[in-house]
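Asks: File name work-v7.txt; file contents compact mmCIF, C-alpha atoms; full text below.
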```
# COMPACT_ATOMS: atom_id res chain seq x y z
CA MET A 275 52.59 -50.87 -142.71
CA ALA A 276 53.64 -47.96 -140.53
CA THR A 277 56.59 -45.89 -141.76
CA TRP A 278 59.38 -44.13 -139.87
CA ASP A 279 57.80 -40.68 -140.29
CA GLU A 280 54.45 -41.88 -138.95
CA LEU A 281 55.90 -43.25 -135.72
CA THR A 282 56.85 -41.33 -132.62
CA GLU A 283 57.43 -42.46 -129.08
CA GLY A 284 53.95 -42.96 -127.61
CA THR A 285 52.31 -43.84 -130.93
CA GLU A 286 49.65 -46.46 -130.25
CA ARG A 287 48.28 -49.01 -132.64
CA GLU A 288 44.53 -49.54 -132.88
CA PRO A 289 43.68 -52.37 -130.44
CA LEU A 290 42.72 -55.77 -131.85
CA GLU A 291 40.02 -57.75 -130.08
CA ILE A 292 39.71 -61.46 -130.73
CA GLY A 293 37.57 -64.22 -129.31
CA PRO A 294 35.83 -66.04 -127.88
CA LEU A 295 38.76 -68.46 -127.95
CA THR A 296 37.74 -72.08 -128.43
CA ARG A 297 39.25 -75.45 -127.71
CA THR A 298 39.59 -75.80 -131.47
CA ASP A 299 41.85 -72.72 -131.50
CA PHE A 300 44.04 -74.39 -128.85
CA VAL A 301 44.21 -77.67 -130.74
CA ARG A 302 44.94 -75.97 -134.07
CA TYR A 303 47.89 -74.20 -132.44
CA GLN A 304 49.08 -77.38 -130.76
CA GLY A 305 49.02 -79.20 -134.08
CA ALA A 306 50.88 -76.40 -135.83
CA SER A 307 53.53 -76.02 -133.13
CA GLY A 308 54.05 -79.64 -132.12
CA ASP A 309 53.45 -78.92 -128.42
CA PHE A 310 51.01 -81.64 -127.38
CA ASN A 311 50.90 -81.06 -123.63
CA PRO A 312 47.53 -82.68 -122.82
CA ILE A 313 46.72 -79.97 -120.27
CA HIS A 314 45.60 -77.80 -123.22
CA HIS A 315 43.17 -80.28 -124.83
CA ASP A 316 42.45 -83.22 -122.48
CA GLU A 317 39.73 -82.17 -120.01
CA ASP A 318 40.33 -85.16 -117.69
CA PHE A 319 44.07 -84.49 -117.57
CA ALA A 320 43.54 -80.77 -116.81
CA LYS A 321 41.02 -81.48 -114.05
CA GLY A 322 43.30 -84.17 -112.63
CA ALA A 323 46.00 -81.50 -112.31
CA GLY A 324 43.57 -79.29 -110.36
CA PHE A 325 42.38 -76.93 -113.11
CA PRO A 326 38.69 -76.22 -113.79
CA SER A 327 39.15 -77.05 -117.50
CA VAL A 328 41.76 -77.09 -120.23
CA PHE A 329 43.42 -73.72 -120.83
CA SER A 330 45.16 -72.09 -123.77
CA VAL A 331 48.79 -72.62 -124.76
CA GLY A 332 50.69 -69.49 -123.72
CA MET A 333 52.43 -69.51 -127.09
CA LEU A 334 49.03 -69.27 -128.85
CA GLN A 335 48.31 -65.85 -127.38
CA ALA A 336 52.00 -64.98 -127.89
CA GLY A 337 51.64 -65.94 -131.54
CA ILE A 338 48.48 -63.84 -131.90
CA LEU A 339 50.42 -60.92 -130.41
CA GLY A 340 53.16 -61.57 -132.99
CA THR A 341 50.51 -61.44 -135.72
CA TYR A 342 49.25 -58.11 -134.37
CA ALA A 343 52.76 -56.64 -134.20
CA THR A 344 53.87 -57.80 -137.67
CA ASP A 345 50.62 -56.56 -139.27
CA TRP A 346 51.59 -53.15 -137.91
CA LEU A 347 55.31 -52.96 -138.64
CA GLY A 348 56.03 -55.69 -141.18
CA ALA A 349 56.67 -59.44 -141.17
CA ALA A 350 60.23 -59.14 -142.51
CA ASN A 351 61.14 -56.23 -140.24
CA ILE A 352 60.96 -57.88 -136.82
CA ARG A 353 64.29 -58.35 -135.02
CA ASN A 354 63.23 -59.25 -131.45
CA PHE A 355 60.06 -60.54 -129.85
CA ASN A 356 59.88 -61.18 -126.11
CA VAL A 357 56.91 -62.32 -124.03
CA GLN A 358 56.25 -63.07 -120.40
CA PHE A 359 53.22 -65.07 -119.43
CA ARG A 360 50.85 -63.77 -116.75
CA GLU A 361 47.21 -64.87 -116.42
CA GLN A 362 46.10 -68.09 -118.00
CA VAL A 363 43.62 -67.89 -120.88
CA TRP A 364 40.49 -70.05 -120.79
CA PRO A 365 37.97 -71.32 -123.34
CA GLY A 366 35.48 -68.52 -124.03
CA ASP A 367 37.92 -65.72 -123.22
CA HIS A 368 38.17 -62.58 -125.32
CA LEU A 369 41.59 -60.99 -125.70
CA VAL A 370 42.68 -57.47 -126.64
CA CYS A 371 46.12 -56.83 -128.14
CA THR A 372 47.62 -53.36 -127.75
CA GLY A 373 50.95 -51.89 -128.81
CA THR A 374 52.80 -48.63 -128.16
CA VAL A 375 56.07 -47.27 -129.53
CA ALA A 376 58.41 -47.09 -126.54
CA ARG A 377 61.57 -45.91 -128.31
CA LYS A 378 62.54 -44.68 -131.78
CA TYR A 379 66.26 -44.65 -132.64
CA ASP A 380 69.05 -45.31 -135.13
CA ASP A 381 71.15 -48.42 -134.67
CA ALA A 382 74.18 -49.00 -136.93
CA GLY A 383 72.56 -47.09 -139.79
CA GLU A 384 69.12 -48.68 -139.41
CA HIS A 385 65.94 -46.98 -138.21
CA LYS A 386 64.50 -49.01 -135.34
CA VAL A 387 61.59 -48.90 -132.93
CA ASP A 388 61.06 -50.78 -129.69
CA ILE A 389 57.41 -51.38 -128.93
CA ASP A 390 55.62 -52.41 -125.75
CA LEU A 391 52.98 -55.05 -126.29
CA LEU A 392 50.15 -56.32 -124.13
CA VAL A 393 47.49 -59.01 -124.32
CA THR A 394 44.64 -58.23 -121.91
CA ARG A 395 41.87 -60.66 -120.92
CA VAL A 396 38.56 -58.89 -121.36
CA GLU A 397 36.97 -61.20 -118.75
CA SER A 398 39.33 -60.16 -115.91
CA GLY A 399 40.92 -56.96 -117.16
CA GLY A 400 44.25 -58.56 -116.28
CA ALA A 401 47.30 -59.08 -118.46
CA ALA A 402 47.68 -62.46 -120.13
CA ILE A 403 50.98 -61.45 -121.74
CA LYS A 404 53.39 -58.61 -121.29
CA GLY A 405 55.67 -58.34 -124.28
CA SER A 406 58.01 -56.19 -126.30
CA ALA A 407 59.44 -56.20 -129.79
CA THR A 408 62.04 -54.48 -131.93
CA PHE A 409 61.50 -53.69 -135.63
CA VAL A 410 63.54 -52.05 -138.33
CA VAL A 411 61.43 -49.37 -140.03
CA ALA A 412 61.83 -47.88 -143.51
CA MET B 31 64.42 -81.94 -107.89
CA VAL B 32 65.72 -81.47 -111.41
CA ASP B 33 69.14 -82.85 -112.34
CA LYS B 34 71.39 -79.77 -112.51
CA SER B 35 74.24 -81.64 -114.17
CA VAL B 36 72.63 -80.82 -117.52
CA ILE B 37 73.48 -77.09 -117.15
CA GLY B 38 75.79 -76.11 -119.99
CA GLN B 39 75.10 -79.25 -121.96
CA ARG B 40 74.50 -78.68 -125.65
CA SER B 41 72.26 -80.80 -127.83
CA GLU B 42 73.55 -82.50 -130.92
CA PRO B 43 72.96 -80.02 -133.76
CA TYR B 44 69.81 -80.89 -135.67
CA GLU B 45 68.42 -79.80 -139.01
CA MET B 46 65.24 -77.74 -139.36
CA VAL B 47 63.92 -76.92 -142.82
CA VAL B 48 61.67 -73.86 -142.95
CA GLU B 49 58.77 -75.07 -145.08
CA ARG B 50 56.24 -72.88 -146.87
CA GLY B 51 53.25 -75.08 -145.96
CA LYS B 52 54.29 -75.07 -142.32
CA ILE B 53 54.54 -71.28 -142.38
CA ARG B 54 50.96 -71.12 -143.72
CA GLU B 55 49.73 -73.60 -141.12
CA PHE B 56 51.45 -71.72 -138.30
CA ALA B 57 50.29 -68.30 -139.53
CA ARG B 58 46.71 -69.57 -139.67
CA ALA B 59 46.95 -71.07 -136.17
CA THR B 60 48.14 -67.68 -134.86
CA MET B 61 45.21 -65.94 -136.58
CA SER B 62 47.18 -64.12 -139.27
CA ARG B 63 45.91 -63.21 -142.72
CA ASN B 64 49.12 -61.43 -143.70
CA PRO B 65 49.94 -62.13 -147.40
CA ASP B 66 53.64 -61.92 -146.49
CA TYR B 67 53.16 -65.34 -144.84
CA PHE B 68 50.53 -66.83 -147.15
CA ASP B 69 51.36 -65.71 -150.69
CA ASP B 70 55.11 -65.12 -150.96
CA PRO B 71 56.92 -68.26 -152.25
CA PHE B 72 59.89 -67.21 -150.11
CA ALA B 73 57.75 -66.12 -147.15
CA VAL B 74 59.47 -65.08 -143.97
CA SER B 75 58.47 -67.13 -140.94
CA PRO B 76 56.25 -65.63 -138.21
CA PRO B 77 57.91 -64.26 -135.03
CA THR B 78 57.22 -67.37 -132.92
CA PHE B 79 57.57 -69.93 -135.74
CA LEU B 80 60.80 -71.37 -134.37
CA MET B 81 58.65 -73.13 -131.76
CA THR B 82 58.08 -75.69 -134.54
CA SER B 83 61.67 -76.84 -134.06
CA ALA B 84 59.90 -79.31 -131.72
CA PHE B 85 59.20 -81.32 -134.88
CA TRP B 86 62.91 -81.51 -135.72
CA ALA B 87 64.65 -81.72 -132.36
CA THR B 88 66.13 -85.12 -131.68
CA GLY B 89 66.13 -87.10 -128.46
CA SER B 90 69.66 -85.89 -127.82
CA ASN B 91 68.35 -82.56 -126.52
CA PRO B 92 69.59 -82.42 -122.89
CA ALA B 93 66.30 -80.90 -121.74
CA ALA B 94 64.47 -83.96 -123.06
CA SER B 95 66.30 -86.08 -120.49
CA LEU B 96 64.75 -84.07 -117.65
CA ASP B 97 61.77 -86.04 -116.41
CA ILE B 98 59.33 -83.13 -116.13
CA ASP B 99 55.77 -83.61 -114.81
CA LEU B 100 53.61 -81.81 -117.39
CA ALA B 101 50.92 -81.11 -114.77
CA ARG B 102 53.43 -78.92 -112.90
CA LEU B 103 55.07 -77.26 -115.87
CA LEU B 104 54.50 -73.57 -116.59
CA HIS B 105 55.97 -71.54 -119.42
CA GLY B 106 57.41 -68.37 -117.86
CA GLY B 107 58.63 -66.51 -120.90
CA GLN B 108 59.92 -66.80 -124.44
CA GLU B 109 62.18 -64.57 -126.53
CA PHE B 110 63.20 -64.64 -130.20
CA THR B 111 66.02 -62.58 -131.69
CA PHE B 112 66.58 -62.30 -135.45
CA PHE B 113 69.87 -61.07 -136.90
CA GLY B 114 68.13 -60.00 -140.12
CA PRO B 115 64.68 -60.87 -141.51
CA PRO B 116 63.21 -64.03 -139.90
CA PRO B 117 64.22 -67.25 -141.72
CA ARG B 118 62.45 -67.63 -145.07
CA ALA B 119 60.71 -70.63 -146.63
CA GLY B 120 63.32 -72.94 -148.14
CA THR B 121 66.03 -72.14 -145.61
CA LYS B 122 67.74 -75.13 -144.04
CA LEU B 123 68.60 -74.23 -140.48
CA THR B 124 70.88 -76.00 -138.07
CA ALA B 125 69.71 -75.73 -134.46
CA THR B 126 71.67 -76.29 -131.27
CA GLY B 127 70.05 -76.16 -127.85
CA VAL B 128 71.78 -75.48 -124.57
CA VAL B 129 70.55 -75.55 -120.98
CA LYS B 130 71.62 -72.14 -119.67
CA ASP B 131 70.65 -72.40 -116.00
CA ILE B 132 68.52 -74.25 -113.47
CA TYR B 133 67.67 -72.73 -110.09
CA GLU B 134 65.06 -72.82 -107.36
CA LYS B 135 62.96 -70.02 -105.91
CA GLU B 136 60.39 -69.98 -103.15
CA GLY B 137 57.06 -69.05 -104.70
CA LYS B 138 54.12 -67.35 -103.02
CA ARG B 139 51.90 -70.01 -104.49
CA GLY B 140 52.83 -73.56 -105.39
CA GLY B 141 55.72 -73.88 -102.89
CA SER B 142 59.30 -74.10 -104.15
CA MET B 143 59.60 -73.56 -107.90
CA THR B 144 62.34 -74.73 -110.24
CA PHE B 145 63.33 -72.45 -113.13
CA ILE B 146 64.95 -73.88 -116.26
CA GLU B 147 66.47 -71.42 -118.76
CA MET B 148 67.21 -72.76 -122.22
CA ALA B 149 68.44 -71.28 -125.48
CA THR B 150 68.52 -72.52 -129.06
CA GLU B 151 70.75 -71.05 -131.75
CA PHE B 152 69.77 -71.31 -135.42
CA SER B 153 72.32 -70.97 -138.22
CA ASP B 154 71.71 -70.97 -141.98
CA GLU B 155 73.41 -72.98 -144.75
CA THR B 156 76.46 -70.68 -144.64
CA GLY B 157 76.94 -71.23 -140.91
CA LYS B 158 75.80 -67.72 -139.99
CA VAL B 159 73.71 -67.49 -136.83
CA VAL B 160 70.41 -65.99 -138.02
CA ALA B 161 68.16 -66.42 -134.97
CA GLU B 162 68.14 -67.30 -131.33
CA SER B 163 65.29 -68.54 -129.15
CA LYS B 164 65.36 -68.41 -125.35
CA ASN B 165 62.81 -69.70 -122.91
CA VAL B 166 62.12 -70.03 -119.21
CA LEU B 167 60.23 -73.06 -117.93
CA ILE B 168 58.90 -73.18 -114.38
CA ILE B 169 58.18 -76.41 -112.51
CA THR B 170 55.93 -75.76 -109.55
CA GLY B 171 56.56 -77.73 -106.33
CA LYS B 172 52.97 -78.88 -106.38
CA SER B 173 50.20 -78.53 -108.93
CA PRO B 174 49.52 -74.82 -109.45
CA THR B 175 45.99 -75.00 -108.04
CA GLU B 176 46.49 -77.32 -105.05
CA ASP B 177 46.77 -74.55 -102.44
CA LYS B 178 43.60 -72.69 -103.38
```
The structure in this file should be written as structure tokens.

Replies:
Amino acid sequence: MATWDELTEGTEREPLEIGPLTRTDFVRYQGASGDFNPIHHDEDFAKGAGFPSVFSVGMLQAGILGTYATDWLGAANIRNFNVQFREQVWPGDHLVCTGTVARKYDDAGEHKVDIDLLVTRVESGGAAIKGSATFVVA
Amino acid sequence: MVDKSVIGQRSEPYEMVVERGKIREFARATMSRNPDYFDDPFAVSPPTFLMTSAFWATGSNPAASLDIDLARLLHGGQEFTFFGPPPRAGTKLTATGVVKDIYEKEGKRGGSMTFIEMATEFSDETGKVVAESKNVLIITGKSPTEDK
């Protein structure tokens, strides 16, 4: 876990590549989260809505980004996690998570960092998620 | 058109127990191997774990009364704020949802879009608010791919 002295504004974490994502990954997340929108697992439903196939739950890649961020700065230390969804993620996609320290500061006696987070689709080079987080750091 | 009279309506408070097995299941589904989630009997919950409040929310949630076509529903964004470490296994939370705003925008694709902003507040056994979740749902005027 990164410490206060190791972090400066602009510090980047080693990228994490995952994939290829499978329909099983989508379904496992849907079961865990309780979001059973059929557009993420029912091929006929997805095609009926005009999509080429099922696609991932946005909160799956958001959750993977949360995993990446908390591995870096600590599960108990997170205080804010914010994501905006961009490109959809499809079966077979590879994703890369990246994170950069945007701000390092003291807040009411606590050391804190704000980090910028990104999930990029290897297949398109485009952003699947733009995110940010705040952690307390010892 | 979504019924805007639900703006400001709060759900009946509902209970959500943070369970250790559920934390493990959720951590696995989000591709974590972090022992802080898997091995600690009082594990903190992962950053997006409060999504599992779906298992606890009751039908009284005002958003549930909105008849939303799932084929036109997009998730725009999601935010979690923790006023201390994320809730730990064994914590009994009380959650209250509120519809913050509903508005329309003209989209470049998909015609007119409806935005629904919702928030859920989570308090612990002492009544202290320990976390808040906010989300933005987007309902496209037509299926997202129809104009391609």

Asks: To one decimal place in Å, what is the distance between CA of Thr298 in chain A and CA of Phe68 in chain B?

Replies: 21.1 Å

Asks: Within 9 Å of chain A, which residues belong to chain B? Use all atoms listed in the file and report them as a ChimeraX atom specification.

Replies: /B:52,55-64,66-67,73-85,100-102,105-116,161,173-176

Asks: Please compute the CA of Thr144 in chain B-CA of Arg40 in chain B distance, one decimal, in Å.

Replies: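 According to the coordinates, CA of Thr144 in chain B and CA of Arg40 in chain B are separated by 20.0 Å.
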
Asks: For each of A:Asp318, A:Asp381, A:Glu291, A:Asp390, take the minimum atom-to-atom distance to Leu369 in chain A, counting only C-alpha atoms, then give the residue where this is smallest.

Replies: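 Counting only C-alpha atoms, the residue closest to Leu369 in chain A is A:Glu291.
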
Asks: Hey, could you pull the box centre and edge lengths for range 288-294 of chain A, axis-aligned, 6 Å padding per side, all listed atoms, to one decimal in Å, as JSON?

Replies:
```
{"center_x": 40.2, "center_y": -57.8, "center_z": -130.4, "size_x": 20.7, "size_y": 28.5, "size_z": 17.0}
```

Asks: Restricting the calculation to only C-alpha atoms: of B:Leu104, B:Asp97, B:Arg118, B:Val47, which residue gets closest to Gln362 in chain A?

Replies: B:Leu104

Asks: Expressed in Å to a single decimal, how great is the separation between CA of Val396 in chain A and CA of Lys138 in chain B?

Replies: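 If I compute the distance from CA of Val396 in chain A to CA of Lys138 in chain B, I get 25.5 Å.
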
Asks: Just the residues within 8 Å of range 169-171 of chain B, please, counting all atoms listed in the file, with nothing from its chain fewer than 5 positions along; format it as a PyMOL selection string.

Replies: chain B and resi 98-99+102-104+140-145

Asks: Can you write out the residues you just picked, keeping C-alpha atoms, as a short mmCIF file (atom, residue, chain, number, x, y, z; two decimals), in the frame of the given file?

Replies:
```
data_model
loop_
_atom_site.label_atom_id
_atom_site.label_comp_id
_atom_site.auth_asym_id
_atom_site.auth_seq_id
_atom_site.Cartn_x
_atom_site.Cartn_y
_atom_site.Cartn_z
CA ILE B 98 59.33 -83.13 -116.13
CA ASP B 99 55.77 -83.61 -114.81
CA ARG B 102 53.43 -78.92 -112.90
CA LEU B 103 55.07 -77.26 -115.87
CA LEU B 104 54.50 -73.57 -116.59
CA GLY B 140 52.83 -73.56 -105.39
CA GLY B 141 55.72 -73.88 -102.89
CA SER B 142 59.30 -74.10 -104.15
CA MET B 143 59.60 -73.56 -107.90
CA THR B 144 62.34 -74.73 -110.24
CA PHE B 145 63.33 -72.45 -113.13
#
```

Asks: For Glu151 in chain B, find every residue with an atom within 10 Å (counting only C-alpha atoms), except residues of its own chain fewer than 6 positions away, and show them as a PyMOL selection string.

Replies: chain B and resi 43+111+123-128+159-164
